[in-house]
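S.K.: Here you go, this is upload_37.txt (compact mmCIF, C-alpha atoms and all ligand atoms).
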# COMPACT_ATOMS: atom_id res chain seq x y z
CA MET A 527 28.02 164.42 0.96
CA ARG A 528 30.91 165.27 -1.34
CA LEU A 529 34.48 164.36 -0.40
CA LEU A 530 37.92 164.66 -1.93
CA LEU A 531 40.37 161.89 -1.02
CA ILE A 532 43.99 162.82 -1.71
CA GLY A 533 46.75 160.21 -2.18
CA ASP A 534 50.08 160.24 -0.32
CA ILE A 535 51.53 163.77 -0.24
CA VAL A 536 55.29 163.38 -0.80
CA GLY A 537 57.63 166.14 0.34
CA ARG A 538 57.73 169.68 -0.94
CA PRO A 539 56.67 168.81 -4.53
CA GLY A 540 53.54 167.18 -3.13
CA ARG A 541 52.79 170.15 -0.93
CA ARG A 542 53.33 172.56 -3.83
CA ALA A 543 51.07 170.51 -6.09
CA LEU A 544 48.42 170.76 -3.41
CA VAL A 545 48.74 174.54 -3.19
CA ALA A 546 48.58 174.89 -6.97
CA LEU A 547 45.90 172.33 -7.80
CA LEU A 548 43.55 171.89 -4.85
CA PRO A 549 41.68 175.17 -5.49
CA GLY A 550 40.78 174.02 -9.02
CA LEU A 551 39.62 170.62 -7.75
CA ALA A 552 37.60 172.31 -5.03
CA ALA A 553 35.92 174.51 -7.64
CA ARG A 554 35.18 171.47 -9.81
CA TYR A 555 33.83 169.16 -7.10
CA SER A 556 32.62 171.49 -4.29
CA PRO A 557 33.75 169.08 -1.54
CA ASP A 558 32.31 169.18 1.97
CA ALA A 559 35.63 167.86 3.31
CA VAL A 560 39.09 166.95 2.03
CA ILE A 561 40.91 163.92 3.49
CA ALA A 562 44.57 163.37 2.61
CA ASN A 563 47.31 160.90 3.44
CA GLY A 564 50.22 162.88 4.91
CA GLU A 565 52.65 160.19 6.05
CA ASN A 566 55.29 161.26 3.48
CA ALA A 567 54.65 165.00 3.68
CA ALA A 568 57.84 165.98 5.55
CA GLY A 569 60.82 165.27 3.31
CA GLY A 570 59.23 162.03 2.15
CA ARG A 571 59.02 160.53 5.63
CA GLY A 572 56.61 161.38 8.42
CA ILE A 573 55.04 164.74 9.23
CA SER A 574 55.92 167.76 11.36
CA ARG A 575 53.59 170.12 13.19
CA LYS A 576 54.49 172.98 10.83
CA ILE A 577 53.72 170.91 7.74
CA ALA A 578 50.49 169.57 9.20
CA GLU A 579 49.39 173.16 9.91
CA GLU A 580 50.38 174.14 6.38
CA LEU A 581 48.24 171.35 4.91
CA PHE A 582 45.23 172.24 7.10
CA ALA A 583 45.60 175.87 5.97
CA GLN A 584 45.44 174.71 2.34
CA GLY A 585 42.02 173.16 2.96
CA ILE A 586 42.79 169.65 4.21
CA SER A 587 40.15 168.69 6.79
CA LEU A 588 41.84 165.55 8.09
CA LEU A 589 45.22 163.84 7.65
CA THR A 590 45.79 160.10 7.73
CA MET A 591 49.12 158.31 8.12
CA GLY A 592 50.62 154.84 7.61
CA ASN A 593 53.87 152.92 7.98
CA HIS A 594 55.82 156.21 8.27
CA THR A 595 53.64 157.60 11.05
CA TRP A 596 56.61 157.76 13.42
CA GLY A 597 59.14 158.71 10.70
CA ASN A 598 59.43 162.27 11.99
CA LYS A 599 59.82 162.14 15.77
CA GLU A 600 58.17 165.55 16.14
CA ILE A 601 54.82 163.82 15.75
CA PHE A 602 55.03 162.54 19.33
CA SER A 603 54.74 166.13 20.55
CA PHE A 604 51.39 166.82 18.89
CA ILE A 605 49.59 163.65 17.75
CA ASP A 606 47.63 163.32 20.99
CA ASP A 607 46.44 166.94 20.82
CA GLU A 608 45.69 167.22 17.10
CA ALA A 609 42.11 166.20 16.40
CA ARG A 610 42.66 166.30 12.62
CA LEU A 611 45.39 163.65 12.50
CA LEU A 612 44.90 159.86 12.41
CA ARG A 613 47.36 156.97 12.57
CA PRO A 614 46.42 153.37 11.73
CA LEU A 615 43.70 151.99 14.00
CA ASN A 616 45.32 148.56 14.16
CA TYR A 617 48.53 149.68 15.87
CA PRO A 618 49.21 147.83 19.12
CA SER A 619 47.12 149.12 22.01
CA GLY A 620 48.79 151.96 23.85
CA ALA A 621 50.18 153.60 20.70
CA PRO A 622 49.89 157.39 20.76
CA GLY A 623 47.18 159.07 18.71
CA LYS A 624 43.93 157.62 17.41
CA GLY A 625 42.85 155.48 14.49
CA TRP A 626 39.44 156.96 13.78
CA THR A 627 37.45 160.11 14.36
CA ILE A 628 34.13 161.75 13.64
CA LEU A 629 34.58 164.52 11.10
CA GLY A 630 32.04 167.31 10.95
CA THR A 631 31.39 168.67 7.46
CA SER A 632 29.02 171.15 5.86
CA ALA A 633 26.89 168.14 4.81
CA GLY A 634 26.88 166.38 8.19
CA GLU A 635 29.16 164.04 10.10
CA LEU A 636 31.09 161.00 8.97
CA ALA A 637 33.49 158.58 10.61
CA VAL A 638 36.95 158.41 9.07
CA VAL A 639 39.20 155.44 9.79
CA ASN A 640 42.91 154.96 9.06
CA LEU A 641 43.91 151.33 8.78
CA SER A 642 47.12 149.53 7.82
CA GLY A 643 47.51 146.32 5.87
CA ARG A 644 49.80 143.58 7.16
CA THR A 645 50.97 141.81 4.01
CA ASN A 646 54.49 143.00 3.15
CA MET A 647 54.16 145.75 5.75
CA ALA A 648 56.65 146.03 8.61
CA GLY A 649 55.88 146.25 12.29
CA PRO A 650 53.53 144.65 14.78
CA LEU A 651 50.01 145.26 13.55
CA ASP A 652 46.70 143.85 14.68
CA CYS A 653 44.43 142.23 12.09
CA PRO A 654 42.78 145.04 10.08
CA PHE A 655 39.70 142.92 9.41
CA GLN A 656 39.13 142.21 13.10
CA ALA A 657 39.92 145.82 14.00
CA MET A 658 37.19 147.05 11.62
CA GLU A 659 34.72 144.41 12.75
CA LYS A 660 35.20 145.55 16.34
CA LEU A 661 35.06 149.25 15.49
CA LEU A 662 31.83 148.96 13.50
CA LYS A 663 30.12 147.57 16.60
CA GLU A 664 31.29 150.53 18.68
CA ILE A 665 30.85 153.61 16.52
CA PRO A 666 27.66 155.58 15.85
CA GLN A 667 25.58 155.01 12.73
CA LEU A 668 27.43 157.31 10.36
CA PRO A 669 28.97 157.08 6.91
CA VAL A 670 32.39 155.41 7.29
CA VAL A 671 35.31 156.24 5.00
CA ILE A 672 38.52 154.22 5.34
CA ASP A 673 42.07 155.02 4.24
CA PHE A 674 43.55 151.52 3.95
CA HIS A 675 47.30 151.99 3.84
CA ALA A 676 48.54 148.70 2.41
CA GLU A 677 50.97 147.19 -0.05
CA THR A 678 49.14 144.43 -1.84
CA THR A 679 46.22 144.83 -4.20
CA SER A 680 44.69 141.61 -2.89
CA GLU A 681 44.62 142.68 0.77
CA LYS A 682 43.00 145.98 -0.20
CA ALA A 683 40.36 144.30 -2.36
CA ALA A 684 39.72 141.71 0.36
CA LEU A 685 39.05 144.38 2.98
CA ALA A 686 36.78 146.30 0.60
CA TRP A 687 34.72 143.19 -0.20
CA PHE A 688 34.68 142.20 3.49
CA LEU A 689 33.13 145.59 4.29
CA ALA A 690 30.94 145.94 1.18
CA GLY A 691 27.55 147.28 2.18
CA ARG A 692 28.79 148.15 5.68
CA VAL A 693 30.98 151.21 5.00
CA SER A 694 30.80 154.09 2.52
CA ALA A 695 34.27 153.79 1.02
CA VAL A 696 37.59 151.95 1.17
CA ALA A 697 40.34 153.97 -0.48
CA GLY A 698 43.81 152.46 -0.66
CA THR A 699 47.05 154.38 -0.17
CA HIS A 700 50.77 153.60 0.20
CA THR A 701 51.86 152.27 -3.21
CA HIS A 702 52.03 155.78 -4.75
CA VAL A 703 50.69 154.40 -8.04
CA GLN A 704 47.07 155.19 -8.81
CA THR A 705 44.97 152.25 -9.91
CA ALA A 706 42.31 152.45 -12.63
CA ASP A 707 39.72 150.45 -10.73
CA ALA A 708 37.56 153.02 -8.91
CA ARG A 709 34.09 151.52 -8.64
CA ILE A 710 31.12 151.03 -6.33
CA LEU A 711 30.79 147.55 -4.85
CA PRO A 712 27.39 145.95 -4.15
CA GLY A 713 25.79 147.56 -1.13
CA GLY A 714 27.09 151.05 -1.95
CA THR A 715 30.74 150.85 -0.89
CA ALA A 716 33.10 152.84 -3.10
CA PHE A 717 36.51 151.25 -3.62
CA ILE A 718 39.79 152.19 -5.25
CA THR A 719 42.89 150.05 -4.71
CA ASP A 720 45.19 153.07 -4.55
CA LEU A 721 44.60 156.81 -4.78
CA GLY A 722 48.14 157.39 -6.10
CA MET A 723 50.80 159.92 -5.18
CA THR A 724 50.73 163.67 -4.74
CA GLY A 725 54.37 164.42 -5.46
CA PRO A 726 57.13 164.60 -8.07
CA VAL A 727 56.28 163.08 -11.47
CA ASP A 728 59.83 162.26 -12.61
CA SER A 729 60.60 159.99 -9.70
CA ILE A 730 60.26 156.42 -8.51
CA LEU A 731 57.41 156.61 -6.01
CA GLY A 732 58.58 160.14 -5.11
CA VAL A 733 62.29 159.38 -4.73
CA LYS A 734 65.06 160.49 -7.13
CA THR A 735 65.18 157.90 -9.89
CA GLU A 736 68.98 157.37 -9.84
CA ILE A 737 68.89 156.43 -6.15
CA ILE A 738 66.32 153.69 -6.66
CA VAL A 739 67.86 152.43 -9.91
CA ASN A 740 71.26 152.16 -8.20
CA ARG A 741 69.71 150.45 -5.21
CA PHE A 742 68.22 147.75 -7.41
CA ARG A 743 71.45 147.36 -9.39
CA SER A 744 73.92 147.39 -6.51
CA GLY A 745 71.89 146.23 -3.55
CA LEU A 746 73.63 148.90 -1.49
CA PRO A 747 71.64 151.14 0.86
CA ARG A 748 71.60 154.86 0.16
CA ARG A 749 69.67 157.63 1.81
CA PHE A 750 66.48 158.41 -0.11
CA GLU A 751 65.93 161.94 -1.40
CA VAL A 752 62.65 163.33 -2.68
CA ALA A 753 62.83 164.14 -6.41
CA SER A 754 62.22 167.63 -7.84
CA GLY A 755 60.63 168.82 -11.07
CA PRO A 756 57.03 168.66 -12.30
CA ALA A 757 54.52 167.55 -9.69
CA GLN A 758 51.13 165.89 -9.59
CA LEU A 759 48.11 165.71 -7.31
CA ALA A 760 46.33 162.33 -7.34
CA GLY A 761 43.16 161.25 -5.59
CA ALA A 762 39.47 160.66 -6.02
CA PHE A 763 36.14 162.43 -5.68
CA LEU A 764 33.57 160.54 -3.64
CA GLU A 765 29.85 161.28 -3.36
CA LEU A 766 27.56 159.70 -0.76
CA ASP A 767 23.78 159.76 -0.58
CA GLY A 768 21.80 160.67 2.56
CA LEU A 769 22.16 157.12 3.89
CA GLY A 770 25.92 157.12 3.46
CA LYS A 771 25.85 154.87 0.38
CA ALA A 772 28.38 155.75 -2.32
CA ILE A 773 26.78 157.03 -5.50
CA ALA A 774 29.93 158.19 -7.31
CA ILE A 775 33.69 157.74 -7.21
CA GLU A 776 35.92 159.37 -9.79
CA SER A 777 39.71 159.29 -9.69
CA PHE A 778 41.82 162.22 -10.90
CA CYS A 779 45.47 163.12 -11.40
CA GLU A 780 46.39 166.74 -12.10
CA PHE A 781 49.82 168.15 -12.98
CA ILE A 782 51.93 171.27 -12.61
CA ASP A 783 55.03 171.83 -14.75
CA ARG A 784 56.90 174.20 -12.49
CA GLU A 785 60.45 173.14 -11.63
CA GLU A 786 60.93 173.05 -7.88
CA GLU A 787 63.84 172.60 -5.54
CA GLU A 788 63.33 169.92 -2.92
CA GLY A 789 65.45 170.06 0.18
CA GLY A 790 63.91 167.24 2.16
CA THR A 791 65.45 163.83 2.48
CA GLY A 792 64.36 160.57 3.98
CA SER A 793 65.65 157.06 4.41
CA ASP A 794 62.56 155.37 3.03
CA ILE A 795 59.58 156.28 0.90
FE FE B 801 53.32 154.15 3.20
Before we go any further, please render this structure as structure tokens.
Ligand SMILES: [Fe+2]
M.R.:
Amino acid sequence: MRLLLIGDIVGRPGRRALVALLPGLAARYSPDAVIANGENAAGGRGISRKIAEELFAQGISLLTMGNHTWGNKEIFSFIDDEARLLRPLNYPSGAPGKGWTILGTSAGELAVVNLSGRTNMAGPLDCPFQAMEKLLKEIPQLPVVIDFHAETTSEKAALAWFLAGRVSAVAGTHTHVQTADARILPGGTAFITDLGMTGPVDSILGVKTEIIVNRFRSGLPRRFEVASGPAQLAGAFLELDGLGKAIAIESFCEFIDREEEEGGTGSDI
């Protein structure tokens, strides 16, 4: 089974990078499915139905979310009906939506899980380790691929090692900076600390640089705005054998130079 995992799609530059660059990646890797983090896809914060549809039309099979799941209130109107959209599994019970699903691909089925870290992450969240332990007892014997949306490198590595040999892949998202550590852990679990950002290159994690620089210098809050300019698509190619063991993981980051206007704004990354 061949999969593309795409890092956080940020605003219009991220969506345009996807349109421009995903066809080339698809030609290079021939993926059976494409899984992307879409929690920053609408103006840098949350996702709308229109943008989710746009991303599915571009070839995304499944969207995962994270700490900005509820950033665009429109999500409440469709998250319970949209089979191709996940929010973190370890949200408090009763939260709308679902944290895992079985994804059918041209090479068979796999289980995809969206999970959130707790270290330096806001909000009430259940323990991601316990949530996965419980889930693995309940779900069918299938390859399991996890988007672990978390801040710290140590929490991501800890979850990957905790699950080594029990899941097919743990791919980190959220920091918007791709890490150079893609590897296969003992037992056939692929791991990368962070897939990186699909969004504007000349930015600070997707936001206009002057806004973030001024925030650090002055300490004053200011509404975040997604940067414009050249854009990138970051992620990783993952290959699993017939038993669901990872046999390859290869990160990539592709670029387009086209200047773009970005109208979206958000109050956080
Ligand atoms: Fe995030």
S.K.: Using all atoms listed in the file, which residues of the polymer chains come no farther than 8 Å from ligand FE 801 (chain B)? I'd like the answer as a tab-separated table (two decimals) with C-alpha atoms, in the frame of the given file.
M.R.:
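Result file follows (result_12.tsv):
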chain	number	residue	atom	x	y	z
A	534	ASP	CA	50.08	160.24	-0.32
A	565	GLU	CA	52.65	160.19	6.05
A	566	ASN	CA	55.29	161.26	3.48
A	591	MET	CA	49.12	158.31	8.12
A	592	GLY	CA	50.62	154.84	7.61
A	593	ASN	CA	53.87	152.92	7.98
A	594	HIS	CA	55.82	156.21	8.27
A	675	HIS	CA	47.30	151.99	3.84
A	676	ALA	CA	48.54	148.70	2.41
A	699	THR	CA	47.05	154.38	-0.17
A	700	HIS	CA	50.77	153.60	0.20
A	701	THR	CA	51.86	152.27	-3.21
A	795	ILE	CA	59.58	156.28	0.90
S.K.: Considering all atoms listed in the file, return as a VMD selection string whatever protein or nucleic-acid residues lie within 10 Å of Ser632 (chain A), sequence-local ones (same chain, fewer than 3 positions apart) excluded.
M.R.: chain A and resid 527 to 528 557 to 559 635
S.K.: Write out as a list in words the residues lying within 8 Å of region 575-590 of chain A, counting all atoms listed in the file and excluding same-chain residues fewer than 2 positions away.
M.R.: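 Those residues are Arg541, Leu544, Val545, Leu548, Ala559, Val560, Ile561, Ala562, Asn563, Gly564, Glu565, Ala567, Ala568, Ile573, Gly592, Glu600, Ile601, Phe604, Arg610, Leu611, Leu612, Arg613, Pro614, Leu629, Asn640 and Asp673 of chain A.
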S.K.: Go ahead and compute the interatomic distance for CA of Leu529 (chain A) and CA of Leu759 (chain A), in Å to one decimal.
M.R.: 15.3 Å
S.K.: Rank A:Phe763, A:Asp783, A:Glu677, A:Leu615 by their smallest atom-to-atom distance to Lys660 (chain A), using all atoms listed in the file, and report the top residue only.
M.R.: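 The answer is A:Leu615, which sits nearest to Lys660 (chain A).
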